[in-house]
Each structure stands twice: as structure tokens, then as C-alpha cells.
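One file, structure24.txt, is given below (compact mmCIF, C-alpha atoms).
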# COMPACT_ATOMS: atom_id res chain seq x y z
CA MET A 1 8.57 -32.44 23.85
CA ARG A 2 5.01 -31.18 23.75
CA ILE A 3 5.99 -28.16 25.81
CA ARG A 4 8.79 -27.31 23.39
CA LEU A 5 6.46 -27.66 20.43
CA LEU A 6 3.86 -25.42 22.01
CA ARG A 7 6.47 -22.84 22.97
CA GLY A 8 7.66 -22.85 19.39
CA LEU A 9 4.11 -22.26 18.15
CA ILE A 10 3.62 -19.35 20.52
CA ALA A 11 6.96 -17.82 19.53
CA LEU A 12 5.96 -18.16 15.87
CA LEU A 13 2.62 -16.48 16.61
CA LEU A 14 4.31 -13.57 18.38
CA GLY A 15 6.89 -13.22 15.61
CA THR A 16 4.25 -13.23 12.89
CA ALA A 17 2.23 -10.60 14.74
CA ALA A 18 5.33 -8.43 15.12
CA LEU A 19 6.12 -8.68 11.42
CA THR A 20 2.52 -7.87 10.47
CA THR A 21 2.55 -4.74 12.63
CA ALA A 22 5.93 -3.65 11.31
CA GLY A 23 4.67 -3.94 7.75
CA ALA A 24 1.96 -1.42 8.51
CA GLN A 25 4.52 1.30 9.08
CA ASP A 26 6.49 2.30 6.04
CA PRO A 27 10.02 3.45 6.95
CA ARG A 28 9.91 6.13 4.25
CA ILE A 29 7.07 7.83 6.11
CA GLY A 30 8.94 7.72 9.37
CA THR A 31 11.99 9.57 8.10
CA ARG A 32 10.28 12.25 6.02
CA LEU A 33 7.35 13.50 8.11
CA ASP A 34 7.16 15.30 11.43
CA ALA A 35 5.65 13.36 14.33
CA PRO A 36 2.09 14.86 14.31
CA THR A 37 1.74 14.41 10.53
CA ARG A 38 3.11 10.89 10.73
CA ALA A 39 0.67 9.98 13.50
CA ALA A 40 -2.28 11.40 11.57
CA ILE A 41 -1.29 9.60 8.37
CA LEU A 42 -0.80 6.27 10.13
CA ALA A 43 -4.22 6.64 11.78
CA ILE A 44 -5.88 7.26 8.41
CA VAL A 45 -4.03 4.35 6.82
CA ASP A 46 -4.93 1.98 9.65
CA SER A 47 -8.57 3.03 9.44
CA ALA A 48 -8.57 2.49 5.67
CA ARG A 49 -7.01 -0.93 6.08
CA ALA A 50 -9.68 -1.87 8.60
CA GLN A 51 -12.33 -0.96 6.01
CA GLY A 52 -10.69 -3.16 3.39
CA ILE A 53 -9.52 -0.21 1.30
CA PRO A 54 -6.19 -0.72 -0.53
CA VAL A 55 -3.64 1.40 1.34
CA GLU A 56 -0.78 1.43 -1.18
CA PRO A 57 -2.35 4.34 -3.14
CA LEU A 58 -2.60 6.29 0.13
CA LEU A 59 1.10 5.80 0.81
CA GLU A 60 1.88 6.82 -2.77
CA LYS A 61 -0.06 10.03 -2.16
CA VAL A 62 2.09 10.68 0.91
CA TYR A 63 5.29 10.24 -1.11
CA GLU A 64 3.89 12.50 -3.82
CA GLY A 65 3.23 15.20 -1.25
CA ILE A 66 6.69 14.83 0.21
CA GLY A 67 8.30 14.82 -3.23
CA LYS A 68 6.41 17.99 -4.19
CA GLY A 69 7.38 19.72 -0.98
CA ALA A 70 3.85 19.97 0.48
CA ASP A 71 3.48 20.69 4.18
CA GLY A 72 2.02 18.25 6.69
CA PRO A 73 -1.59 19.55 6.87
CA ARG A 74 -1.81 19.59 3.06
CA ILE A 75 -0.60 15.99 2.85
CA ILE A 76 -3.04 14.89 5.54
CA ALA A 77 -5.94 16.60 3.73
CA ALA A 78 -5.00 14.98 0.42
CA VAL A 79 -4.69 11.52 1.95
CA ARG A 80 -7.98 11.91 3.82
CA SER A 81 -9.75 13.05 0.66
CA LEU A 82 -8.31 10.14 -1.33
CA THR A 83 -9.34 7.71 1.41
CA ASN A 84 -12.94 8.92 1.24
CA GLU A 85 -12.98 8.69 -2.55
CA MET A 86 -11.47 5.22 -2.52
CA ALA A 87 -13.97 4.07 0.11
CA SER A 88 -16.84 5.27 -2.08
CA ALA A 89 -15.26 3.72 -5.17
CA HIS A 90 -14.66 0.45 -3.35
CA LYS A 91 -18.29 0.36 -2.26
CA ALA A 92 -19.61 1.26 -5.70
CA LEU A 93 -17.49 -1.19 -7.68
CA GLY A 94 -17.80 -4.13 -5.31
CA THR A 95 -15.29 -6.74 -4.31
CA VAL A 96 -14.55 -7.79 -7.89
CA ALA A 97 -12.73 -4.51 -8.60
CA SER A 98 -8.94 -4.48 -8.62
CA THR A 99 -6.85 -1.97 -6.73
CA ASP A 100 -6.02 -0.22 -10.00
CA GLU A 101 -9.71 0.09 -10.88
CA ILE A 102 -10.45 1.54 -7.46
CA LYS A 103 -7.59 4.03 -7.86
CA ALA A 104 -8.84 5.07 -11.29
CA ALA A 105 -12.43 5.29 -10.07
CA ALA A 106 -11.34 7.48 -7.15
CA SER A 107 -9.63 9.78 -9.64
CA ALA A 108 -12.81 9.97 -11.72
CA MET A 109 -14.81 10.78 -8.60
CA HIS A 110 -12.36 13.56 -7.76
CA ALA A 111 -13.08 14.97 -11.23
CA GLY A 112 -16.80 14.96 -10.44
CA VAL A 113 -18.15 11.62 -11.70
CA PRO A 114 -20.71 10.17 -9.24
CA ALA A 115 -19.83 6.82 -7.68
CA VAL A 116 -23.16 5.36 -8.77
CA GLU A 117 -22.26 6.04 -12.41
CA LEU A 118 -18.96 4.19 -12.02
CA GLY A 119 -20.69 1.28 -10.33
CA ARG A 120 -23.19 1.04 -13.17
CA MET A 121 -20.38 0.95 -15.71
CA LYS A 122 -18.64 -1.82 -13.81
CA GLN A 123 -21.82 -3.87 -13.66
CA GLN A 124 -22.40 -3.49 -17.39
CA SER A 125 -18.83 -4.29 -18.39
CA GLY A 126 -18.66 -7.73 -16.83
CA LEU A 127 -16.06 -9.17 -14.53
CA ARG A 128 -13.27 -9.76 -17.02
CA ARG A 129 -13.07 -6.26 -18.52
CA SER A 130 -10.77 -4.01 -16.52
CA LEU A 131 -12.07 -0.45 -16.37
CA THR A 132 -8.80 1.08 -15.17
CA LEU A 133 -8.08 2.89 -18.43
CA PRO A 134 -11.73 3.82 -19.20
CA PHE A 135 -12.04 5.40 -15.74
CA THR A 136 -8.70 7.19 -16.25
CA VAL A 137 -9.81 8.63 -19.58
CA LEU A 138 -13.20 9.53 -18.12
CA ALA A 139 -11.46 11.56 -15.42
CA ASP A 140 -9.23 13.20 -18.03
CA ILE A 141 -11.95 14.35 -20.42
CA VAL A 142 -14.14 15.61 -17.56
CA SER A 143 -11.17 17.66 -16.33
CA ARG A 144 -10.87 19.09 -19.87
CA GLY A 145 -14.42 20.39 -19.75
CA VAL A 146 -16.57 17.55 -21.11
CA PRO A 147 -19.80 17.48 -19.03
CA VAL A 148 -19.94 14.49 -16.69
CA GLN A 149 -23.00 12.89 -18.28
CA ALA A 150 -21.69 13.32 -21.83
CA ALA A 151 -18.31 11.90 -20.81
CA ALA A 152 -19.88 8.94 -19.00
CA ASN A 153 -22.14 8.20 -21.97
CA ALA A 154 -19.17 8.28 -24.34
CA ILE A 155 -17.06 5.93 -22.24
CA ARG A 156 -19.99 3.60 -21.59
CA SER A 157 -20.74 3.37 -25.31
CA LEU A 158 -17.09 2.64 -26.07
CA VAL A 159 -16.81 -0.12 -23.48
CA GLY A 160 -20.20 -1.50 -24.53
CA ALA A 161 -19.03 -1.65 -28.14
CA GLY A 162 -16.04 -3.73 -27.14
CA ALA A 163 -13.43 -0.98 -27.50
CA ARG A 164 -10.01 -2.00 -26.27
CA ASP A 165 -7.72 0.14 -24.19
CA ALA A 166 -5.76 1.21 -27.29
CA ASP A 167 -9.00 2.52 -28.84
CA ILE A 168 -9.87 4.41 -25.69
CA ASN A 169 -6.37 5.92 -25.61
CA THR A 170 -6.86 7.12 -29.18
CA PHE A 171 -10.26 8.51 -28.24
CA GLN A 172 -8.70 10.50 -25.39
CA ARG A 173 -5.99 11.97 -27.62
CA ASN A 174 -8.46 12.93 -30.32
CA VAL A 175 -10.84 14.60 -27.86
CA LYS A 176 -7.92 16.51 -26.34
CA VAL A 177 -6.75 17.76 -29.74
CA ASP A 178 -10.29 18.71 -30.76
CA ILE A 179 -10.79 20.74 -27.59
CA GLU A 180 -7.39 22.41 -27.97
CA GLN A 181 -8.41 23.38 -31.50
CA GLY A 182 -11.56 25.03 -30.21
CA ALA A 183 -14.27 22.36 -30.40
CA PRO A 184 -16.98 22.37 -27.73
CA PRO A 185 -15.91 19.60 -25.27
CA ALA A 186 -19.27 17.78 -25.26
CA ALA A 187 -19.46 17.78 -29.05
CA ALA A 188 -15.88 16.50 -29.32
CA ALA A 189 -16.54 13.61 -26.94
CA GLU A 190 -19.85 12.61 -28.52
CA THR A 191 -18.49 12.76 -32.05
CA ARG A 192 -15.26 10.90 -31.34
CA ALA A 193 -17.09 8.20 -29.38
CA LYS A 194 -19.19 7.30 -32.41
CA GLY A 195 -16.24 6.00 -34.40
CA ALA A 196 -13.72 5.16 -31.73
CA ALA A 197 -14.02 1.38 -31.57
CA PRO A 198 -12.73 0.28 -34.97
CA SER A 199 -10.64 -2.54 -33.55
CA ALA A 200 -13.49 -4.22 -31.71
CA GLY A 201 -13.33 -7.86 -32.62
CA LYS A 202 -9.77 -7.65 -33.91
CA PRO A 203 -7.06 -9.64 -32.12
CA GLU A 204 -5.04 -7.94 -29.36
CA ARG A 205 -1.68 -6.48 -30.29
CA ASP A 206 1.44 -8.24 -29.12
CA THR A 207 2.67 -5.37 -26.98
CA PRO A 208 0.88 -2.54 -25.22
CA ASP A 209 1.34 1.09 -26.18
CA THR A 210 3.78 2.24 -23.52
CA THR A 211 5.38 5.22 -25.23
CA ARG A 212 4.50 8.41 -23.45
CA MET B 213 23.12 -14.95 89.25
CA PRO B 214 22.41 -17.94 91.48
CA GLU B 215 24.55 -21.01 91.05
CA TRP B 216 21.79 -23.19 89.78
CA GLN B 217 20.98 -20.73 87.03
CA ARG B 218 24.64 -20.45 86.02
CA SER B 219 25.00 -24.19 85.70
CA THR B 220 21.85 -24.41 83.60
CA LEU B 221 23.09 -21.67 81.31
CA GLU B 222 26.44 -23.41 80.86
CA LEU B 223 24.65 -26.57 79.93
CA ILE B 224 22.68 -24.74 77.28
CA VAL B 225 25.77 -23.03 75.87
CA GLU B 226 27.62 -26.31 75.79
CA GLU B 227 24.76 -27.90 73.90
CA LEU B 228 24.62 -25.09 71.38
CA ARG B 229 28.36 -25.23 70.80
CA ARG B 230 28.17 -28.88 69.92
CA PRO B 231 28.35 -29.40 66.10
CA VAL B 232 25.03 -30.25 64.55
CA LYS B 233 24.86 -33.47 62.66
CA ILE B 234 23.56 -32.78 59.14
CA ASP B 235 22.15 -35.28 56.72
CA GLU B 236 24.63 -35.90 53.90
CA SER B 237 22.02 -34.97 51.28
CA PHE B 238 21.28 -31.61 52.91
CA ASP B 239 23.53 -29.52 50.62
CA ARG B 240 22.09 -31.09 47.49
CA ARG B 241 18.50 -30.53 48.64
CA VAL B 242 19.18 -26.89 49.46
CA MET B 243 20.70 -26.26 46.03
CA VAL B 244 17.76 -27.93 44.28
CA HIS B 245 15.38 -25.65 46.15
CA VAL B 246 17.44 -22.55 45.30
CA ARG B 247 17.53 -23.42 41.59
CA ARG B 248 13.75 -23.97 41.48
CA THR B 249 13.08 -20.63 43.14
CA TYR B 250 15.43 -18.82 40.73
CA ALA B 251 13.90 -20.51 37.70
CA ARG B 252 10.40 -19.45 38.77
CA ARG B 253 11.47 -15.79 38.96
CA ARG B 254 13.07 -15.93 35.50
CA ARG B 255 9.83 -17.16 33.99
CA ARG B 256 8.12 -13.85 34.65
CA GLY B 257 7.78 -11.64 31.51
CA ILE B 258 7.98 -13.18 28.02
CA ALA B 259 9.70 -16.29 29.35
CA GLY B 260 6.94 -16.58 31.89
CA VAL B 261 4.33 -16.37 29.17
CA LEU B 262 6.13 -19.07 27.24
CA GLY B 263 6.57 -21.07 30.39
CA ALA B 264 2.88 -20.85 31.06
CA ALA B 265 2.40 -22.89 27.95
CA SER B 266 3.19 -25.94 29.96
CA ARG B 267 -0.08 -25.43 31.78
CA ILE B 268 -2.17 -25.61 28.67
CA THR B 269 -0.56 -28.60 27.06
CA HIS B 270 -3.30 -30.72 28.46
CA HIS B 271 -6.02 -28.70 26.68
CA PRO B 272 -6.19 -29.54 22.96
CA ALA B 273 -8.68 -26.69 22.43
CA TRP B 274 -6.02 -24.15 23.37
CA ALA B 275 -3.54 -25.66 20.97
CA ALA B 276 -6.17 -25.62 18.20
CA ALA B 277 -6.98 -21.97 18.93
CA LEU B 278 -3.30 -21.06 18.74
CA ALA B 279 -2.90 -22.86 15.43
CA ALA B 280 -6.00 -21.10 14.08
CA GLY B 281 -4.55 -17.75 15.16
CA ILE B 282 -1.31 -18.43 13.31
CA VAL B 283 -3.19 -19.48 10.19
CA ALA B 284 -5.42 -16.36 10.39
CA ILE B 285 -2.44 -14.00 10.67
CA ALA B 286 -0.66 -15.75 7.81
CA ALA B 287 -3.84 -15.50 5.69
CA MET B 288 -4.09 -11.78 6.45
CA GLY B 289 -0.54 -11.35 5.22
CA VAL B 290 -1.31 -13.20 1.98
CA ALA B 291 -4.48 -11.16 1.43
CA ARG B 292 -2.57 -7.93 1.99
CA SER B 293 0.16 -8.92 -0.42
CA ARG B 294 -2.51 -9.64 -3.04
CA GLN B 295 -3.91 -6.16 -2.54
CA ARG B 296 -0.63 -4.58 -3.47
CA PRO B 297 0.00 -3.56 -7.05
CA ALA B 298 1.91 -5.78 -9.42
CA THR B 299 5.15 -4.32 -8.10
CA ALA B 300 5.42 -7.07 -5.57
CA ALA B 301 4.98 -9.71 -8.22
CA GLY B 302 7.86 -8.18 -10.18
CA SER B 303 5.90 -7.73 -13.42
CA HIS B 304 7.43 -4.75 -15.21
CA GLU B 305 7.15 -3.40 -18.73
CA PRO B 306 9.58 -1.05 -20.47
CA VAL B 307 8.13 2.43 -20.89
CA GLN B 308 9.66 5.27 -22.88
CA PHE B 309 9.03 8.74 -21.48
CA VAL B 310 9.44 11.57 -24.00
CA LEU B 311 9.18 15.32 -23.48
CA VAL B 312 9.89 17.97 -26.08
CA ALA B 313 11.64 20.80 -24.25
CA PRO B 314 14.16 22.56 -26.51
CA THR B 315 15.24 25.12 -23.93
CA ALA B 316 15.50 22.78 -20.94
CA ARG B 317 18.83 22.16 -19.24
CA SER B 318 17.67 18.94 -17.54
CA VAL B 319 14.60 16.73 -17.48
CA ALA B 320 13.79 14.01 -14.94
CA VAL B 321 10.81 11.69 -14.56
CA VAL B 322 9.28 11.18 -11.14
CA GLY B 323 6.19 9.23 -10.19
CA ASP B 324 4.75 6.72 -7.80
CA PHE B 325 6.85 4.01 -9.48
CA ASN B 326 10.01 5.65 -8.09
CA ASP B 327 8.56 7.19 -4.93
CA TRP B 328 8.39 10.61 -6.58
CA GLY B 329 12.12 10.98 -6.78
CA LEU B 330 12.72 10.52 -3.09
CA ASN B 331 16.15 9.09 -2.29
CA ASP B 332 17.50 10.28 -5.65
CA SER B 333 15.43 7.73 -7.52
CA ALA B 334 14.34 10.10 -10.32
CA LEU B 335 14.81 8.90 -13.89
CA ILE B 336 17.18 11.24 -15.71
CA ALA B 337 16.28 11.85 -19.36
CA THR B 338 18.86 12.36 -22.07
CA ASN B 339 18.69 15.20 -24.56
CA HIS B 340 18.56 14.71 -28.34
CA GLU B 341 18.18 18.16 -29.91
CA GLY B 342 15.48 19.21 -27.52
CA VAL B 343 13.71 15.84 -27.39
CA TRP B 344 14.30 14.41 -23.94
CA SER B 345 13.72 10.74 -23.31
CA VAL B 346 14.37 7.91 -20.92
CA THR B 347 13.21 4.32 -21.00
CA ALA B 348 12.69 2.40 -17.77
CA PRO B 349 10.89 -0.71 -16.57
CA VAL B 350 7.66 0.27 -14.82
CA PRO B 351 5.42 -2.09 -12.81
CA THR B 352 2.15 -3.03 -14.46
CA GLY B 353 -0.77 -1.03 -13.12
CA VAL B 354 -1.94 2.56 -13.02
CA HIS B 355 0.61 5.24 -12.11
CA ARG B 356 0.84 8.99 -11.62
CA TYR B 357 3.95 10.82 -12.76
CA ALA B 358 5.36 14.15 -13.93
CA TYR B 359 8.44 15.67 -15.51
CA VAL B 360 10.72 17.91 -13.49
CA VAL B 361 12.40 20.42 -15.80
CA ASN B 362 15.59 22.16 -14.73
CA GLY B 363 15.25 20.59 -11.31
CA LYS B 364 12.34 22.80 -10.23
CA ASP B 365 9.49 23.08 -12.76
CA TRP B 366 6.84 20.33 -12.56
CA VAL B 367 5.31 19.61 -15.96
CA ALA B 368 2.52 17.16 -16.83
CA ASP B 369 3.02 14.90 -19.83
CA PRO B 370 1.15 16.65 -22.68
CA SER B 371 0.57 13.32 -24.43
CA ALA B 372 -0.99 11.48 -21.48
CA PRO B 373 -4.25 11.71 -19.55
CA ARG B 374 -4.27 14.25 -16.77
CA SER B 375 -4.33 13.17 -13.17
CA ALA B 376 -7.59 14.22 -11.57
CA GLY B 377 -6.62 13.74 -7.95
CA ASP B 378 -5.15 16.29 -5.57
CA ASP B 379 -1.78 17.06 -7.15
CA PHE B 380 -0.59 19.56 -4.50
CA GLY B 381 -0.80 22.36 -7.03
CA MET B 382 1.69 20.71 -9.38
CA PRO B 383 0.31 18.86 -12.40
CA SER B 384 0.66 15.12 -12.87
CA SER B 385 -0.26 12.64 -15.57
CA VAL B 386 -1.60 9.11 -15.52
CA LEU B 387 0.08 6.08 -17.03
CA VAL B 388 -1.59 2.69 -17.33
CA VAL B 389 0.94 -0.09 -17.90
CA GLU B 390 -0.50 -3.37 -19.07
CA GLU B 391 1.23 -6.69 -19.03
CA SER B 392 2.32 -7.53 -22.55
CA THR B 393 0.74 -10.64 -24.07
CA LYS B 394 3.54 -12.93 -25.20

File written out as C-alpha cells:
Amino acid sequence: MRIRLLRGLIALLLGTAALTTAGAQDPRIGTRLDAPTRAAILAIVDSARAQGIPVEPLLEKVYEGIGKGADGPRIIAAVRSLTNEMASAHKALGTVASTDEIKAAASAMHAGVPAVELGRMKQQSGLRRSLTLPFTVLADIVSRGVPVQAAANAIRSLVGAGARDADINTFQRNVKVDIEQGAPPAAAAETRAKGAAPSAGKPERDTPDTTR
Amino acid sequence: MPEWQRSTLELIVEELRRPVKIDESFDRRVMVHVRRTYARRRRRGIAGVLGAASRITHHPAWAAALAAGIVAIAAMGVARSRQRPATAAGSHEPVQFVLVAPTARSVAVVGDFNDWGLNDSALIATNHEGVWSVTAPVPTGVHRYAYVVNGKDWVADPSAPRSAGDDFGMPSSVLVVEESTK
């Protein structure tokens, strides 16, 4: 009886290990990439997983490359770059950051925002405030020409004033329009940030703004 | 051959020709031995590993280590599933994608929420006098996406934040989907 029980336990252990390993290899990667690219990608993903970095964004980057028709070396370079940015973001934000925050922070870093700046913003915002959208907007306005420090100051002041995601969305759209109409990017960001948190203290809306 | 040798040889042959008396249990004992030998060979490989378990049943520390290993692997699986975006939890929100493209013949939406259109999973927008739109449930979280116009031109959403990551030379936008508060 004891032997049967122990054999069952060992079989369960082996089965669980097999399932865990299988989960590490996405079938969509296997069918769409050539063998050298697939091997390189899986090595990067395994290394990222070992460092505690969320790997789902890395796989999404692979699918994006495949969907856009990029060749193997280009996909490998993009995934490697994203892995490095996510590792830095993960380190800067700490263990309290969600996967979405790390993704958004990595995007901001790609735009040129230093990791230390993102970490400071996370520390100041408290644990409950998600910085996914603020980091996303930060990356956007920097890519539109707002200097990094001016952009970071604007976002930090908005979050510090209790601006909600809807306010920060409005801020992004206004800055974009201002720049498209010829305003200097830094001036647009600084000016719009001053009055962009009108709903601070008001109750949350029932539904998020999900119309693109 | 001398006579005395011949007679001795005949005696030996006669003795050897005499039927040997065998114990009645001999056949059964032989078969038991054969089965044991065969079973030992079968235990080599995975079955052998499992069979070896019988040797450690008398060591509670081994059993405890095995149980701890199973718990550790299970915990790793749970931790990994928690790392994944909300997709796994099944939390989706309806999102309307709109692109104004009066001269377009077709518009589709692709993004990380549909594996960038792989396996024909692109969202096909419908045309209303040049205003193309499609509404689809999208998992909560942050996503990258783009419009594909006429099946070949990649266009970022002009009303959404730009994606700052490596976009393979084709622009993408960012969408943050929050869980609605009900």
C-alpha cells in the first residue's frame, strides 16, 4: 500500500514537472519561427523567467514581430532589448509593481526616461496607485518631443495631485493637439499639467473610457 | 578398449539413461525464479525508477522531500499564473476601435490581445461612410495594437498614445483597459 502511494507521488511529481516544462514553450512560437531563432528566443525567455521578469510581454513581442513580417534576427534583437528594459524596470519599481506597470515602464525607458526616475515616481505614488497609464502617457509625450525632465515633472505633478487615469488621458490628448498646432512640446506639457487634475477628489466614473 | 573399461563405460551409460527422479515442486520453483528474473529486468528505466521507490519507503525524510518538491512545483505554477495578465482570469471589457479612413477598402485591428492577427484572428471593422469601427472584448491590462488598412498598410491609432517600444518599423498604439467598477 505504501509502495503504491509513493509510486503515485513520484508519478505526480514527474507529471507536474513535465507540464511545467511544456508551459514554457509556446506552440505558436514553434510553428512560426525557424529553428535558430526559436532557440535564441527560448533561451532569452528562460533567462528572463529565471530573473523573475514577466515573460508574457516578451512572447507578445515575438508575435508582433511575426505578425509584422520581421525576420528572425530583428525579432531576437527586439526581444533582447525589451528583456533588458523590463529587467531595469523590474529592479527600479520593486516587487510591488504589476506586470502592466513593468511593461509600461519599459516602454517609457525605451523612449528615454531613466529607470531611476520611474522608480522615484513609483515610490511617491504609493502602493495602491497603478502607474500603468501615467508611464504610458509619459512615453507618448516624450516620443512627441517633450523633454524627458519636463515630461517627468508634468506626470509626477499630475499623479501627486491625485489625477485619475481619465485626467491623464485628457492631458495626453491636449498635449498632442497643442504640439500638432505648433506649440513648443515642453511648454505644452507644462501648461496642460497645471490644470489637468480637475476631477481629483471626485468619485470614479462607473465605466472606463474604452473608446479608441 | 580393454574389457574392464568397456564394462565400466556401459555401467556409466546405463546410469545416465536412467530417468532422474525430480521433486514434484521443481517445475513450480523454476517458474517462480523465471518470473522474478523477468520482473527485475522490466523495472529498469522509468518502471525501475518507480520500483526503486520501494527501497525508500522506510525513510520518512525521503517521502517528506518528495512532498515538498511537489508543493514547490505547484507553487511555482501558481506564481507564474499570477504573473500573467488578466487574460487568464477572463476579465474582459468591451472596447470600440474607430478609425476614420474614407478611402480605405478594408480596416482590421490587430494587437497583442489577438496575437497580432496570427491565425486569422484580426478584428474586421465595418465601414460607415468612411468611419470604420469594431467593438470587441479586450482583456484588462495594457496592450499594443495597430490598424491594418487595405490588408497591407499599418497605421497607429491617431487618438491613442504611441507605443514607444521597438515596433519593427511599423507604428503601434497603446491601449490601457481597466476593469469597470460595477

Fill in: CA of Ser318 in chain B to CA of Ile336 in chain B, straight-line distance in Å
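Separation between CA of Ile336 in chain B and CA of Ser318 in chain B: 7.9 Å.
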
Discussion item. Please list, as a PyMOL selection string, the residues that have an atom at most 10 Å away from (-6.4, 14.9, -7.2) in the coordinates of this file, counting only C-alpha atoms.
Written reply: (chain A and resi 61+78-79+81-82+106-111) or (chain B and resi 374-381+383-384)

Discussion item. Could you tell me how far CA of Thr347 in chain B sits from CA of Ala316 in chain B, in Å to one decimal place?
Written reply: 18.6 Å

Practice prompt. May I ask for the distance between CA of Val62 in chain A and CA of Asn331 in chain B, given in Å to one decimal place?
Written response: 14.5 Å

Item to complete: Name the residues in contact with range 32-35 of chain A at a cut-off of 10 Å, using all atoms listed in the file, excluding same-chain residues fewer than 3 positions from it; report them as a list in words.
Response: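 Once the adjacent positions are removed, what remains is Pro27, Arg28, Ile29, Arg38, Ala39, Ala40, Ile41, Val62, Tyr63, Ile66, Gly67, Asp71, Gly72 and Ile75 of chain A; Leu330 of chain B.
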
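Counting all atoms listed in the file and comparing B:Val244, B:Val354, B:Ala313, B:Ile224, the residue that lies closest to Val367 in chain B is B:Ala313.
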
Discussion item. My list of candidates is A:Ile168, A:Ile53, A:Ile155, A:Ala70. Which is closest to Ala87 in chain A when distances are computed with only C-alpha atoms?
Written reply: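 Among A:Ile168, A:Ile53, A:Ile155, A:Ala70, it is A:Ile53 that comes nearest to Ala87 in chain A.
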
Fill in: Protein, DNA and RNA residues within 8 Å of (16.6, 20.3, -25.0), only C-alpha atoms, as a VMD selection string
chain B and resid 312 to 318 339 to 344

Selection near Ala196 in chain A, 9 Å with all atoms listed in the file, sequence-local residues under 5 positions removed, as a tab-separated table (two decimals) with C-alpha atoms, in the frame of the given file:
chain	number	residue	atom	x	y	z
A	158	LEU	CA	-17.09	2.64	-26.07
A	163	ALA	CA	-13.43	-0.98	-27.50
A	167	ASP	CA	-9.00	2.52	-28.84
A	168	ILE	CA	-9.87	4.41	-25.69
A	170	THR	CA	-6.86	7.12	-29.18
A	171	PHE	CA	-10.26	8.51	-28.24
A	191	THR	CA	-18.49	12.76	-32.05
